Amino acid sequence: QVQLVESGGGLVQAGGSLTLSCVVSGSGFRIDAMGWYRQAPGKQRELVAAMFRGGVTNYADSVKGRFTISRDNAKNTVYLQMNSLKPEDTAVYYCNARFLGVPVDYWGQGTQVAVSS
């Protein structure tokens with residue numbers, strides 16, 4: 001059974017930093033892409049950052065230059081380094097994984113990030 005377990009959320013002051021981690025387990029398929037999404041209260045879930053095969057990355061305009069997605073293949077872990085955090089970054093952050101040959105996406109349970117002004 002595929003599991004994605006996030007960690008690293010918390011409360012931080014504006015301008016601070018956090019690093020989110022997501023460990024993927026239980027799949028015998030190769031990872032096609034992994035990403036981080038977020039959902040703020042009353043808003044739709046949105047893509048924050050994604051990493052595709054070959055290391056190609058994609059970021060939401062609102063986080064470019066502040067957030068960095070990275071991956072440790074040996075640990076089946078994807079990270080989101082978040083710097084210069086703003087109150088508008090407050091949301092529940094979800095890890096997402098897509099596997100080659102598997103027609104569904106997998107999601108973690110979410111981790112709360114709160115940024116105070």
# chains A, B, ... in the order shown; residues from 1 in each chain; ligands from 1
call {"tool": "residues_around", "arguments": {"residues": "Ala60 (chain A)", "least_positions_apart": "6", "cutoff": "10 Å", "atoms": "only C-alpha atoms", "output": "ChimeraX atom specification"}}
result
/A:37,46-50,67
call {"tool": "closest_residue", "arguments": {"among": "A:Trp36, A:Tyr106, A:Tyr59, A:Tyr79", "to": "Tyr94 (chain A)", "atoms": "only C-alpha atoms"}}
result
A:Trp36
call {"tool": "closest_residue", "arguments": {"among": "A:Leu11, A:Ala40, A:Met82, A:Val5", "to": "Ala97 (chain A)", "atoms": "only C-alpha atoms"}}
result
A:Val5
call {"tool": "select_by_dssp", "arguments": {"residues": "chain A", "states": "helix (DSSP H, G or I)", "output": "ChimeraX atom specification"}}
result
/A:53-55,61-63,73-75,87-89
call {"tool": "residues_around", "arguments": {"residues": "Asn76 (chain A)", "least_positions_apart": "4", "cutoff": "10 Å", "atoms": "only C-alpha atoms", "output": "ChimeraX atom specification"}}
result
/A:4,22-25,31,71-72
call {"tool": "closest_residue", "arguments": {"among": "A:Gln39, A:Gln112, A:Asn96, A:Gln81", "to": "Ser17 (chain A)", "atoms": "only C-alpha atoms"}}
result
A:Gln81
call {"tool": "closest_residue", "arguments": {"among": "A:Gly35, A:Gly28, A:Gly55, A:Gly42", "to": "Arg98 (chain A)", "atoms": "only C-alpha atoms"}}
result
A:Gly35
call {"tool": "residues_around", "arguments": {"residues": "Gly110 (chain A)", "least_positions_apart": "3", "cutoff": "7 Å", "atoms": "only C-alpha atoms", "output": "PyMOL selection string"}}
result
chain A and resi 6+92-95
call {"tool": "closest_residue", "arguments": {"among": "A:Gly16, A:Arg45, A:Gly26, A:Val115", "to": "Gln3 (chain A)", "atoms": "only C-alpha atoms"}}
result
A:Gly26
